[in-house]
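Student: My structure file query.cif, mmCIF, C-alpha atoms, is below:
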data_query
#
loop_
_atom_site.group_PDB
_atom_site.id
_atom_site.type_symbol
_atom_site.label_atom_id
_atom_site.label_comp_id
_atom_site.auth_asym_id
_atom_site.auth_seq_id
_atom_site.Cartn_x
_atom_site.Cartn_y
_atom_site.Cartn_z
ATOM 1 C CA MET A 1 -32.896 86.270 11.637
ATOM 2 C CA GLU A 2 -34.396 84.703 14.771
ATOM 3 C CA ALA A 3 -32.071 82.719 17.020
ATOM 4 C CA LEU A 4 -32.616 78.961 17.159
ATOM 5 C CA VAL A 5 -34.383 77.923 20.363
ATOM 6 C CA GLN A 6 -32.782 74.751 21.712
ATOM 7 C CA VAL A 7 -35.123 72.058 23.031
ATOM 8 C CA TYR A 8 -33.753 70.307 26.091
ATOM 9 C CA TYR A 9 -36.916 68.400 27.037
ATOM 10 C CA GLN A 10 -38.587 65.793 24.826
ATOM 11 C CA PRO A 11 -41.451 63.351 25.492
ATOM 12 C CA VAL A 12 -40.568 59.690 24.996
ATOM 13 C CA ASP A 13 -41.123 57.468 21.958
ATOM 14 C CA ARG A 14 -43.870 54.908 22.604
ATOM 15 C CA ASN A 15 -41.967 52.336 20.525
ATOM 16 C CA LEU A 16 -39.440 51.931 23.359
ATOM 17 C CA TRP A 17 -42.187 50.453 25.537
ATOM 18 C CA THR A 18 -42.931 47.198 23.757
ATOM 19 C CA GLY A 19 -42.438 43.592 24.725
ATOM 20 C CA ARG A 20 -43.905 40.178 25.299
ATOM 21 C CA ILE A 21 -47.629 39.856 25.957
ATOM 22 C CA ASP A 22 -48.710 36.800 27.937
ATOM 23 C CA GLY A 23 -52.232 38.011 28.548
ATOM 24 C CA THR A 24 -54.305 40.944 29.697
ATOM 25 C CA ASP A 25 -55.254 39.655 33.133
ATOM 26 C CA GLU A 26 -53.468 41.593 35.893
ATOM 27 C CA SER A 27 -51.345 38.583 36.892
ATOM 28 C CA PHE A 28 -49.894 38.290 33.350
ATOM 29 C CA LEU A 29 -48.957 41.931 32.800
ATOM 30 C CA ARG A 30 -45.536 43.376 32.094
ATOM 31 C CA TRP A 31 -44.349 46.933 32.622
ATOM 32 C CA HIS A 32 -44.868 48.001 29.018
ATOM 33 C CA GLN A 33 -48.563 47.184 29.462
ATOM 34 C CA LYS A 34 -48.840 49.371 32.578
ATOM 35 C CA ILE A 35 -46.662 52.382 31.765
ATOM 36 C CA GLU A 36 -48.349 55.712 31.058
ATOM 37 C CA LEU A 37 -46.512 58.173 28.831
ATOM 38 C CA ILE A 38 -46.801 61.825 29.820
ATOM 39 C CA ASP A 39 -45.601 65.235 28.671
ATOM 40 C CA LEU A 40 -44.451 67.360 31.599
ATOM 41 C CA ASN A 41 -45.344 70.485 29.640
ATOM 42 C CA ASP A 42 -48.995 69.530 30.172
ATOM 43 C CA GLN A 43 -48.528 69.794 33.971
ATOM 44 C CA PRO A 44 -49.999 66.300 34.614
ATOM 45 C CA PRO A 45 -51.000 65.196 38.142
ATOM 46 C CA LEU A 46 -48.173 63.160 39.688
ATOM 47 C CA LYS A 47 -49.086 62.695 43.337
ATOM 48 C CA GLY A 48 -48.055 59.265 44.604
ATOM 49 C CA LYS A 49 -46.748 58.161 41.205
ATOM 50 C CA ILE A 50 -43.324 56.850 40.154
ATOM 51 C CA VAL A 51 -41.973 58.981 37.316
ATOM 52 C CA PHE A 52 -39.166 57.905 34.981
ATOM 53 C CA LEU A 53 -37.141 60.683 33.377
ATOM 54 C CA GLY A 54 -34.177 60.097 31.090
ATOM 55 C CA PHE A 55 -31.025 62.203 30.913
ATOM 56 C CA VAL A 56 -29.618 61.843 27.396
ATOM 57 C CA CYS A 57 -26.150 63.175 28.020
ATOM 58 C CA ASP A 58 -22.516 62.204 28.214
ATOM 59 C CA GLU A 59 -20.939 65.593 27.597
ATOM 60 C CA GLY A 60 -19.704 65.412 31.194
ATOM 61 C CA VAL A 61 -18.087 62.047 30.481
ATOM 62 C CA HIS A 62 -16.445 63.536 27.372
ATOM 63 C CA ARG A 63 -15.082 66.468 29.408
ATOM 64 C CA ASN A 64 -13.863 63.967 32.022
ATOM 65 C CA GLN A 65 -11.986 61.995 29.339
ATOM 66 C CA GLY A 66 -14.148 58.916 29.839
ATOM 67 C CA ARG A 67 -15.670 56.541 27.295
ATOM 68 C CA VAL A 68 -18.615 58.304 25.678
ATOM 69 C CA GLY A 69 -21.841 56.435 24.994
ATOM 70 C CA ALA A 70 -23.809 56.920 28.216
ATOM 71 C CA LYS A 71 -26.273 59.117 26.352
ATOM 72 C CA GLU A 72 -27.636 55.883 24.858
ATOM 73 C CA ALA A 73 -28.472 54.552 28.331
ATOM 74 C CA PRO A 74 -32.032 55.901 28.771
ATOM 75 C CA GLU A 75 -33.168 54.086 25.632
ATOM 76 C CA ALA A 76 -31.336 50.881 26.627
ATOM 77 C CA LEU A 77 -32.792 51.012 30.133
ATOM 78 C CA ARG A 78 -36.335 51.484 28.862
ATOM 79 C CA LYS A 79 -35.927 48.457 26.623
ATOM 80 C CA SER A 80 -34.590 46.443 29.577
ATOM 81 C CA ILE A 81 -37.374 47.354 31.991
ATOM 82 C CA ALA A 82 -40.247 47.289 29.470
ATOM 83 C CA ASN A 83 -40.536 43.515 29.658
ATOM 84 C CA LEU A 84 -40.313 43.214 33.457
ATOM 85 C CA PRO A 85 -43.254 41.403 35.062
ATOM 86 C CA VAL A 86 -45.707 43.389 37.150
ATOM 87 C CA HIS A 87 -45.486 42.388 40.807
ATOM 88 C CA PHE A 88 -46.618 45.693 42.317
ATOM 89 C CA ASP A 89 -50.233 46.299 43.262
ATOM 90 C CA GLY A 90 -52.776 48.142 41.154
ATOM 91 C CA LYS A 91 -52.405 51.321 43.186
ATOM 92 C CA THR A 92 -48.831 51.835 41.968
ATOM 93 C CA LYS A 93 -48.660 53.980 38.836
ATOM 94 C CA LEU A 94 -45.622 54.096 36.557
ATOM 95 C CA LEU A 95 -45.211 57.135 34.317
ATOM 96 C CA ASP A 96 -42.597 57.906 31.693
ATOM 97 C CA ALA A 97 -42.003 61.641 31.419
ATOM 98 C CA GLY A 98 -39.534 61.464 28.523
ATOM 99 C CA ASN A 99 -35.994 62.842 28.400
ATOM 100 C CA VAL A 100 -33.901 65.854 29.166
ATOM 101 C CA VAL A 101 -31.413 66.052 26.298
ATOM 102 C CA CYS A 102 -28.004 67.692 26.233
ATOM 103 C CA VAL A 103 -27.792 69.597 22.948
ATOM 104 C CA GLY A 104 -24.238 69.606 21.638
ATOM 105 C CA GLU A 105 -21.852 70.716 24.366
ATOM 106 C CA GLU A 106 -24.495 72.595 26.368
ATOM 107 C CA LEU A 107 -24.144 70.560 29.559
ATOM 108 C CA GLU A 108 -24.922 73.361 31.969
ATOM 109 C CA GLU A 109 -28.152 74.206 30.158
ATOM 110 C CA ALA A 110 -29.174 70.532 30.186
ATOM 111 C CA GLN A 111 -28.439 70.295 33.919
ATOM 112 C CA GLN A 112 -30.623 73.345 34.529
ATOM 113 C CA GLU A 113 -33.461 71.825 32.516
ATOM 114 C CA LEU A 114 -33.049 68.589 34.475
ATOM 115 C CA ALA A 115 -33.226 70.533 37.735
ATOM 116 C CA ASN A 116 -36.395 72.288 36.601
ATOM 117 C CA ARG A 117 -38.078 69.000 35.690
ATOM 118 C CA VAL A 118 -37.063 67.288 38.933
ATOM 119 C CA THR A 119 -38.462 70.241 40.852
ATOM 120 C CA GLN A 120 -41.708 69.959 38.896
ATOM 121 C CA ILE A 121 -42.034 66.215 39.570
ATOM 122 C CA VAL A 122 -41.251 66.426 43.285
ATOM 123 C CA LYS A 123 -43.466 69.461 43.909
ATOM 124 C CA ALA A 124 -46.329 67.639 42.172
ATOM 125 C CA GLY A 125 -45.890 64.708 44.578
ATOM 126 C CA GLY A 126 -44.136 62.260 42.258
ATOM 127 C CA PHE A 127 -41.116 60.074 43.018
ATOM 128 C CA PRO A 128 -38.502 60.577 40.274
ATOM 129 C CA ILE A 129 -36.383 57.679 39.027
ATOM 130 C CA LEU A 130 -33.891 59.225 36.629
ATOM 131 C CA LEU A 131 -32.270 57.170 33.889
ATOM 132 C CA GLY A 132 -28.770 58.398 33.058
ATOM 133 C CA GLY A 133 -26.664 59.348 31.288
ATOM 134 C CA GLY A 134 -23.298 60.274 32.711
ATOM 135 C CA HIS A 135 -22.846 61.057 36.382
ATOM 136 C CA GLU A 136 -23.151 64.740 35.556
ATOM 137 C CA ILE A 137 -26.796 63.872 36.240
ATOM 138 C CA THR A 138 -26.042 64.355 39.947
ATOM 139 C CA TYR A 139 -25.710 68.126 39.962
ATOM 140 C CA GLY A 140 -28.940 68.800 38.073
ATOM 141 C CA HIS A 141 -30.850 66.165 40.041
ATOM 142 C CA PHE A 142 -29.698 67.552 43.390
ATOM 143 C CA LYS A 143 -30.433 71.160 42.440
ATOM 144 C CA GLY A 144 -33.939 70.186 41.392
ATOM 145 C CA LEU A 145 -34.622 68.375 44.647
ATOM 146 C CA GLN A 146 -33.126 71.276 46.593
ATOM 147 C CA ALA A 147 -35.487 73.727 44.900
ATOM 148 C CA ALA A 148 -38.481 71.501 45.618
ATOM 149 C CA LYS A 149 -37.804 70.636 49.255
ATOM 150 C CA SER A 150 -36.828 72.759 52.226
ATOM 151 C CA GLY A 151 -34.652 71.208 54.895
ATOM 152 C CA LYS A 152 -31.445 69.164 54.938
ATOM 153 C CA ILE A 153 -30.741 66.894 51.948
ATOM 154 C CA GLY A 154 -28.405 63.941 52.328
ATOM 155 C CA ILE A 155 -26.895 62.259 49.270
ATOM 156 C CA ILE A 156 -26.087 58.548 49.207
ATOM 157 C CA ASN A 157 -23.852 57.685 46.265
ATOM 158 C CA ILE A 158 -23.169 54.033 45.432
ATOM 159 C CA ASP A 159 -20.042 54.382 43.334
ATOM 160 C CA ALA A 160 -16.418 53.338 42.878
ATOM 161 C CA HIS A 161 -15.484 57.028 42.572
ATOM 162 C CA LEU A 162 -16.002 59.948 44.925
ATOM 163 C CA ASP A 163 -16.764 62.245 41.955
ATOM 164 C CA ILE A 164 -15.592 65.152 44.046
ATOM 165 C CA ARG A 165 -13.003 66.532 41.617
ATOM 166 C CA ALA A 166 -12.623 70.290 41.358
ATOM 167 C CA THR A 167 -14.010 71.957 38.256
ATOM 168 C CA ALA A 168 -11.468 73.059 35.646
ATOM 169 C CA ASP A 169 -11.964 76.680 34.546
ATOM 170 C CA GLY A 170 -15.467 76.518 35.998
ATOM 171 C CA ARG A 171 -16.492 73.732 33.615
ATOM 172 C CA ALA A 172 -18.388 70.826 35.124
ATOM 173 C CA ASN A 173 -17.945 67.189 34.122
ATOM 174 C CA SER A 174 -19.092 63.753 35.234
ATOM 175 C CA GLY A 175 -16.628 63.760 38.136
ATOM 176 C CA THR A 176 -17.352 67.199 39.622
ATOM 177 C CA GLY A 177 -20.979 66.975 40.759
ATOM 178 C CA PHE A 178 -20.378 66.421 44.450
ATOM 179 C CA TYR A 179 -17.595 69.016 44.505
ATOM 180 C CA GLN A 180 -19.986 71.600 43.067
ATOM 181 C CA ILE A 181 -22.595 70.734 45.695
ATOM 182 C CA ALA A 182 -19.978 70.803 48.471
ATOM 183 C CA GLU A 183 -18.576 74.184 47.450
ATOM 184 C CA GLU A 184 -22.052 75.711 47.245
ATOM 185 C CA ALA A 185 -22.821 74.370 50.709
ATOM 186 C CA LYS A 186 -19.599 75.946 51.983
ATOM 187 C CA GLN A 187 -20.476 79.298 50.413
ATOM 188 C CA ASN A 188 -23.902 79.171 52.073
ATOM 189 C CA ASN A 189 -22.429 78.212 55.461
ATOM 190 C CA SER A 190 -24.369 74.963 55.430
ATOM 191 C CA ALA A 191 -23.243 71.365 55.862
ATOM 192 C CA PHE A 192 -22.372 69.039 53.000
ATOM 193 C CA ARG A 193 -24.156 65.768 53.702
ATOM 194 C CA TYR A 194 -22.653 63.015 51.582
ATOM 195 C CA MET A 195 -22.307 59.248 52.080
ATOM 196 C CA ALA A 196 -20.360 57.305 49.444
ATOM 197 C CA ILE A 197 -20.664 53.511 49.366
ATOM 198 C CA GLY A 198 -18.428 51.216 47.300
ATOM 199 C CA ILE A 199 -15.447 53.559 46.998
ATOM 200 C CA GLN A 200 -12.137 52.070 45.828
ATOM 201 C CA ASP A 201 -8.691 53.380 46.729
ATOM 202 C CA ILE A 202 -7.398 52.547 43.245
ATOM 203 C CA SER A 203 -10.080 54.727 41.633
ATOM 204 C CA ASN A 204 -9.465 57.920 43.652
ATOM 205 C CA THR A 205 -6.401 60.033 44.385
ATOM 206 C CA LYS A 206 -5.315 60.790 47.938
ATOM 207 C CA ALA A 207 -6.224 64.439 47.309
ATOM 208 C CA LEU A 208 -9.837 63.428 46.654
ATOM 209 C CA PHE A 209 -9.957 61.464 49.904
ATOM 210 C CA ASP A 210 -8.445 64.427 51.757
ATOM 211 C CA TYR A 211 -11.035 66.832 50.351
ATOM 212 C CA ALA A 212 -13.872 64.419 51.086
ATOM 213 C CA ASP A 213 -12.639 64.023 54.653
ATOM 214 C CA SER A 214 -12.378 67.798 55.095
ATOM 215 C CA MET A 215 -16.030 68.100 54.032
ATOM 216 C CA GLY A 216 -17.240 65.432 56.449
ATOM 217 C CA THR A 217 -17.992 62.771 53.826
ATOM 218 C CA LYS A 218 -18.929 59.342 55.177
ATOM 219 C CA ILE A 219 -17.099 56.710 53.113
ATOM 220 C CA VAL A 220 -17.792 52.976 52.964
ATOM 221 C CA LYS A 221 -15.097 51.307 50.899
ATOM 222 C CA ALA A 222 -15.825 48.451 48.517
ATOM 223 C CA GLU A 223 -13.501 46.132 50.439
ATOM 224 C CA ASN A 224 -15.725 46.474 53.514
ATOM 225 C CA ILE A 225 -18.900 45.359 51.776
ATOM 226 C CA HIS A 226 -18.900 41.740 52.863
ATOM 227 C CA HIS A 227 -21.101 39.547 55.046
ATOM 228 C CA GLU A 228 -19.589 40.463 58.416
ATOM 229 C CA GLN A 229 -19.867 44.210 57.772
ATOM 230 C CA ILE A 230 -23.371 44.497 56.302
ATOM 231 C CA ASP A 231 -25.158 45.117 59.614
ATOM 232 C CA PRO A 232 -22.733 47.918 60.676
ATOM 233 C CA ILE A 233 -23.085 49.519 57.232
ATOM 234 C CA ILE A 234 -26.872 49.406 57.508
ATOM 235 C CA GLN A 235 -26.616 51.064 60.909
ATOM 236 C CA GLU A 236 -24.461 53.815 59.399
ATOM 237 C CA ILE A 237 -27.077 54.348 56.685
ATOM 238 C CA PHE A 238 -29.819 54.743 59.301
ATOM 239 C CA GLU A 239 -27.691 57.217 61.269
ATOM 240 C CA PHE A 240 -26.975 59.226 58.117
ATOM 241 C CA ALA A 241 -30.628 59.261 57.029
ATOM 242 C CA ASN A 242 -31.890 60.162 60.499
ATOM 243 C CA ALA A 243 -29.688 63.269 60.502
ATOM 244 C CA VAL A 244 -31.326 64.740 57.379
ATOM 245 C CA ASP A 245 -34.814 65.615 56.189
ATOM 246 C CA HIS A 246 -34.533 64.138 52.694
ATOM 247 C CA VAL A 247 -32.373 61.465 51.052
ATOM 248 C CA TYR A 248 -31.367 61.357 47.387
ATOM 249 C CA LEU A 249 -29.879 58.077 46.106
ATOM 250 C CA THR A 250 -27.611 57.920 43.077
ATOM 251 C CA ILE A 251 -26.124 54.696 41.719
ATOM 252 C CA ASP A 252 -23.126 54.699 39.398
ATOM 253 C CA MET A 253 -23.006 51.358 37.605
ATOM 254 C CA ASP A 254 -19.198 51.350 37.650
ATOM 255 C CA VAL A 255 -19.385 50.438 41.353
ATOM 256 C CA PHE A 256 -19.930 46.821 40.318
ATOM 257 C CA SER A 257 -17.396 44.233 39.237
ATOM 258 C CA PRO A 258 -16.791 44.389 35.453
ATOM 259 C CA ALA A 259 -17.921 40.753 35.288
ATOM 260 C CA PHE A 260 -21.431 41.990 36.110
ATOM 261 C CA ALA A 261 -21.226 45.524 34.701
ATOM 262 C CA PRO A 262 -18.807 45.792 31.766
ATOM 263 C CA GLY A 263 -20.884 48.476 30.029
ATOM 264 C CA VAL A 264 -19.869 51.608 31.907
ATOM 265 C CA SER A 265 -18.031 54.806 31.091
ATOM 266 C CA ALA A 266 -15.147 54.133 33.501
ATOM 267 C CA CYS A 267 -14.670 50.481 34.475
ATOM 268 C CA SER A 268 -13.551 49.938 38.047
ATOM 269 C CA PHE A 269 -10.647 47.590 38.683
ATOM 270 C CA GLN A 270 -12.579 45.094 40.758
ATOM 271 C CA GLY A 271 -15.886 46.429 42.015
ATOM 272 C CA ILE A 272 -18.482 45.023 44.373
ATOM 273 C CA MET A 273 -20.602 41.969 43.713
ATOM 274 C CA PRO A 274 -24.403 42.298 43.390
ATOM 275 C CA THR A 275 -24.892 39.660 46.089
ATOM 276 C CA HIS A 276 -27.395 39.274 48.936
ATOM 277 C CA GLY A 277 -25.303 41.559 51.139
ATOM 278 C CA PHE A 278 -25.346 44.376 48.614
ATOM 279 C CA TYR A 279 -29.093 44.047 48.103
ATOM 280 C CA ARG A 280 -29.632 44.271 51.861
ATOM 281 C CA ILE A 281 -27.860 47.636 51.732
ATOM 282 C CA PHE A 282 -29.806 48.741 48.656
ATOM 283 C CA GLU A 283 -33.192 47.737 50.052
ATOM 284 C CA THR A 284 -32.386 49.437 53.359
ATOM 285 C CA ILE A 285 -31.953 52.696 51.435
ATOM 286 C CA MET A 286 -35.080 52.118 49.374
ATOM 287 C CA ASN A 287 -37.103 51.593 52.548
ATOM 288 C CA LEU A 288 -36.018 54.858 54.177
ATOM 289 C CA ASP A 289 -39.044 56.969 55.076
ATOM 290 C CA ASN A 290 -37.331 60.118 53.822
ATOM 291 C CA LEU A 291 -36.038 58.818 50.487
ATOM 292 C CA ARG A 292 -37.257 61.327 47.882
ATOM 293 C CA SER A 293 -35.630 60.366 44.570
ATOM 294 C CA MET A 294 -33.026 58.192 42.866
ATOM 295 C CA ASP A 295 -31.089 57.840 39.638
ATOM 296 C CA VAL A 296 -28.995 55.260 37.826
ATOM 297 C CA ALA A 297 -25.936 56.636 36.022
ATOM 298 C CA GLU A 298 -22.986 55.713 33.801
ATOM 299 C CA LEU A 299 -24.512 52.752 31.979
ATOM 300 C CA ASN A 300 -22.750 52.778 28.620
ATOM 301 C CA PRO A 301 -24.518 50.415 26.170
ATOM 302 C CA LEU A 302 -21.711 50.765 23.611
ATOM 303 C CA TYR A 303 -19.436 48.688 25.873
ATOM 304 C CA ASP A 304 -22.019 46.332 27.344
ATOM 305 C CA ILE A 305 -21.767 42.558 26.849
ATOM 306 C CA ASP A 306 -24.989 40.545 26.485
ATOM 307 C CA ASN A 307 -26.816 43.519 28.058
ATOM 308 C CA ARG A 308 -25.355 42.489 31.444
ATOM 309 C CA THR A 309 -25.045 46.022 32.765
ATOM 310 C CA ALA A 310 -28.456 47.075 31.469
ATOM 311 C CA ARG A 311 -30.022 43.967 33.020
ATOM 312 C CA LEU A 312 -28.355 44.655 36.365
ATOM 313 C CA ALA A 313 -29.581 48.259 36.263
ATOM 314 C CA ALA A 314 -33.058 46.990 35.358
ATOM 315 C CA ASN A 315 -32.952 44.654 38.346
ATOM 316 C CA LEU A 316 -32.135 47.584 40.632
ATOM 317 C CA ILE A 317 -35.035 49.580 39.204
ATOM 318 C CA PHE A 318 -37.330 46.535 39.531
ATOM 319 C CA LYS A 319 -36.464 46.159 43.210
ATOM 320 C CA ALA A 320 -36.776 49.927 43.726
ATOM 321 C CA VAL A 321 -40.321 49.917 42.353
ATOM 322 C CA GLN A 322 -41.156 46.865 44.453
ATOM 323 C CA ASN A 323 -40.045 48.625 47.629
ATOM 324 C CA LEU A 324 -41.708 51.912 46.754
ATOM 325 C CA SER A 325 -44.944 50.065 45.998
ATOM 326 C CA SER A 326 -44.941 48.144 49.265
ATOM 327 C CA ASN A 327 -44.173 51.309 51.248
ATOM 328 C CA ALA A 328 -46.855 53.450 49.597
#
Translate the structure of the given file into structure tokens.
Tutor:
Amino acid sequence: MEALVQVYYQPVDRNLWTGRIDGTDESFLRWHQKIELIDLNDQPPLKGKIVFLGFVCDEGVHRNQGRVGAKEAPEALRKSIANLPVHFDGKTKLLDAGNVVCVGEELEEAQQELANRVTQIVKAGGFPILLGGGHEITYGHFKGLQAAKSGKIGIINIDAHLDIRATADGRANSGTGFYQIAEEAKQNNSAFRYMAIGIQDISNTKALFDYADSMGTKIVKAENIHHEQIDPIIQEIFEFANAVDHVYLTIDMDVFSPAFAPGVSACSFQGIMPTHGFYRIFETIMNLDNLRSMDVAELNPLYDIDNRTARLAANLIFKAVQNLSSNA
């Protein structure tokens, strides 16, 4: 009897891209009227295009003893961004490449498929915006970018957690991604280039801080993200980005105050506010010349209230597309 071949990549359902129609003139359009659905198996041309790719997975969250449900995030995010108004110019092309799906408990296989698809998108000249999914998205995303680009890759993680926990019995989870990347860098005698913004003492053990410090991690704590400190933080971002060839941005939605982001896998105690100061930091990163890809992780629709978290994530993606369009 032939073995069952698992399918880890699936094109997206067109029904997720529906919404209000105010007209067909360019000034009336919404994202669902502009999006182009593609199948990566067809090797489509991607040069200069923004490519959405979902990661339907929360096996890493389950292994990390978090609240499962993040696998529903790609669908929720598509529904949230489908109705956004088009403010980018006609040259900007949005593509939806579907989902990488974790089948059962096969996290490692799903991460490898994710890496392969990220490599494909980046090598073809596209800019990936990944829709997670648990923060186990990080390892696959990074490995895909690493395979596609030579040179030094710096990771900026906007997160309440360092996610630098050691693997247990070699098994990855949503909190081990940066540890896996750090240990591989150590084995290859290369530097681990990691900047974490929004970190909270209450959400990380002292051992995690000690390991991060030993690996040269640049940490900006949540308590320091206020008006007087924004300019110094922006300067630190520029210094970090200027020391690498490529920047990968990952945003864990649990970095925000639960009042704004209740729908996450691991709620932070307090979290940062999505205020003008934060958006100055975010837009600084989005405007970096060497930014190559980004993802949004840990949205958990099962615990969201009034779609607050999904709407906040959609706002981040909206502003990301705006910046990418203006910089093209």
Student: Could you tell me how far atom CA of A:Asp163 lies from atom CA of A:Lys143, in Å and to one decimal?
Tutor: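 These two atoms are separated by 16.3 Å.
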Student: If the PyMOL selection byres ((chain A and resi 251) around 6) were run on this exact file, what residues would it hold? Put them as a list in words.
Tutor: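 This file gives the following for the PyMOL selection byres ((chain A and resi 251) around 6): Asn157, Ile158, Thr250, Asp252 and Val296 of chain A.
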Student: At a cut-off of 12 Å around the point (-19.2, 59.1, 24.3) (file coordinates), what residues fall inside when counting all atoms listed in the file? I'd like the answer as a ChimeraX atom specification.
Tutor: /A:56-73,104-105,133-134,174,264-266,298-303
Student: With C-alpha atoms retained, could you export that selection as a compact mmCIF listing (two decimals), in the coordinates of the input?
Tutor:
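New file out-v2.txt:
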# COMPACT_ATOMS: atom_id res chain seq x y z
CA VAL A 56 -29.62 61.84 27.40
CA CYS A 57 -26.15 63.18 28.02
CA ASP A 58 -22.52 62.20 28.21
CA GLU A 59 -20.94 65.59 27.60
CA GLY A 60 -19.70 65.41 31.19
CA VAL A 61 -18.09 62.05 30.48
CA HIS A 62 -16.44 63.54 27.37
CA ARG A 63 -15.08 66.47 29.41
CA ASN A 64 -13.86 63.97 32.02
CA GLN A 65 -11.99 62.00 29.34
CA GLY A 66 -14.15 58.92 29.84
CA ARG A 67 -15.67 56.54 27.30
CA VAL A 68 -18.61 58.30 25.68
CA GLY A 69 -21.84 56.44 24.99
CA ALA A 70 -23.81 56.92 28.22
CA LYS A 71 -26.27 59.12 26.35
CA GLU A 72 -27.64 55.88 24.86
CA ALA A 73 -28.47 54.55 28.33
CA GLY A 104 -24.24 69.61 21.64
CA GLU A 105 -21.85 70.72 24.37
CA GLY A 133 -26.66 59.35 31.29
CA GLY A 134 -23.30 60.27 32.71
CA SER A 174 -19.09 63.75 35.23
CA VAL A 264 -19.87 51.61 31.91
CA SER A 265 -18.03 54.81 31.09
CA ALA A 266 -15.15 54.13 33.50
CA GLU A 298 -22.99 55.71 33.80
CA LEU A 299 -24.51 52.75 31.98
CA ASN A 300 -22.75 52.78 28.62
CA PRO A 301 -24.52 50.42 26.17
CA LEU A 302 -21.71 50.76 23.61
CA TYR A 303 -19.44 48.69 25.87
Student: Using all atoms listed in the file, can you tell me which of A:Glu183, A:Asp245, A:Asp22, A:Glu223 comes closest to A:Leu145?
Tutor: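 Distance minimum relative to A:Leu145 lands on A:Asp245.
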Student: Report, in Å with one decimal, the straight-line distance from atom CA of A:His226 to atom CA of A:Gly198.
Tutor: 11.0 Å
Student: For the atom pair atom CA of A:Leu114 and atom CA of A:His141, what is the interatomic distance in Å to one decimal place?
Tutor: 6.5 Å
Student: So which one's closest to A:Ser203, A:Pro258, A:Gly170, A:Gly271, A:Gly140? Using all atoms listed in the file, please.
Tutor: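 Among A:Pro258, A:Gly170, A:Gly271, A:Gly140, it is A:Gly271 that comes nearest to A:Ser203.
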Student: Take the PyMOL selection byres ((chain A and resi 278) around 12), run it mentally on this structure, and tell me the resulting residues as a PyMOL selection string.
Tutor: chain A and resi 158+197-198+222+224-227+229-231+233-234+255-256+271-277+279-285+316
Student: Between A:Ala212, A:Leu84, A:Cys267, A:Ala182, which has the minimum distance to A:Gln322 (counting all atoms listed in the file)?
Tutor: A:Leu84
Student: Between A:Gly151, A:Pro44, A:Gly216, A:Pro232, which residue has the minimum interatomic distance to A:Val244, considering all atoms listed in the file?
Tutor: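 So, comparing all the options, the nearest one is A:Gly151.
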Student: Might you spell out which residues the PyMOL selection byres ((chain A and resi 40) around 10) would select in the displayed file, as a PyMOL selection string?
Tutor: chain A and resi 9-11+37-39+41-46+96-98+117+120-121
Student: For each of A:Val51, A:Ala185, A:Val101, A:Met253, take the minimum atom-to-atom distance to A:His135, counting all atoms listed in the file, then give the residue where this is smallest.
Tutor: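 Nearest candidate to A:His135 out of A:Val51, A:Ala185, A:Val101, A:Met253: A:Met253.
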Student: Which residue is closest to A:Asp295? Choose from A:Ala261, A:Leu107, A:Val220, A:Leu130 and count all atoms listed in the file.
Tutor: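 Under the stated criterion, the closest residue is A:Leu130.
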Student: Draw an axis-aligned box over all listed atoms of stretch 36-41 of chain A, pad each side with 4 Å, and write its centre and edge lengths in Å, one decimal, as lines of an AutoDock Vina configuration file.
Tutor:
center_x = -46.4
center_y = 63.1
center_z = 30.1
size_x = 11.9
size_y = 22.8
size_z = 10.9
Student: What's the 6 Å shell around stretch 27-36 of chain A, counting only C-alpha atoms, without same-chain residues fewer than 5 positions away, as a PyMOL selection string?
Tutor: chain A and resi 17-18+22+82-86+94-95
Student: Neighbouring residues of A:Leu162 were defined as those with any atom within 8 Å, considering all atoms listed in the file; residues of the same chain fewer than 5 positions away were excluded. Please report them as a ChimeraX atom specification.
Tutor: /A:175,178,196,199,204,208-209,212
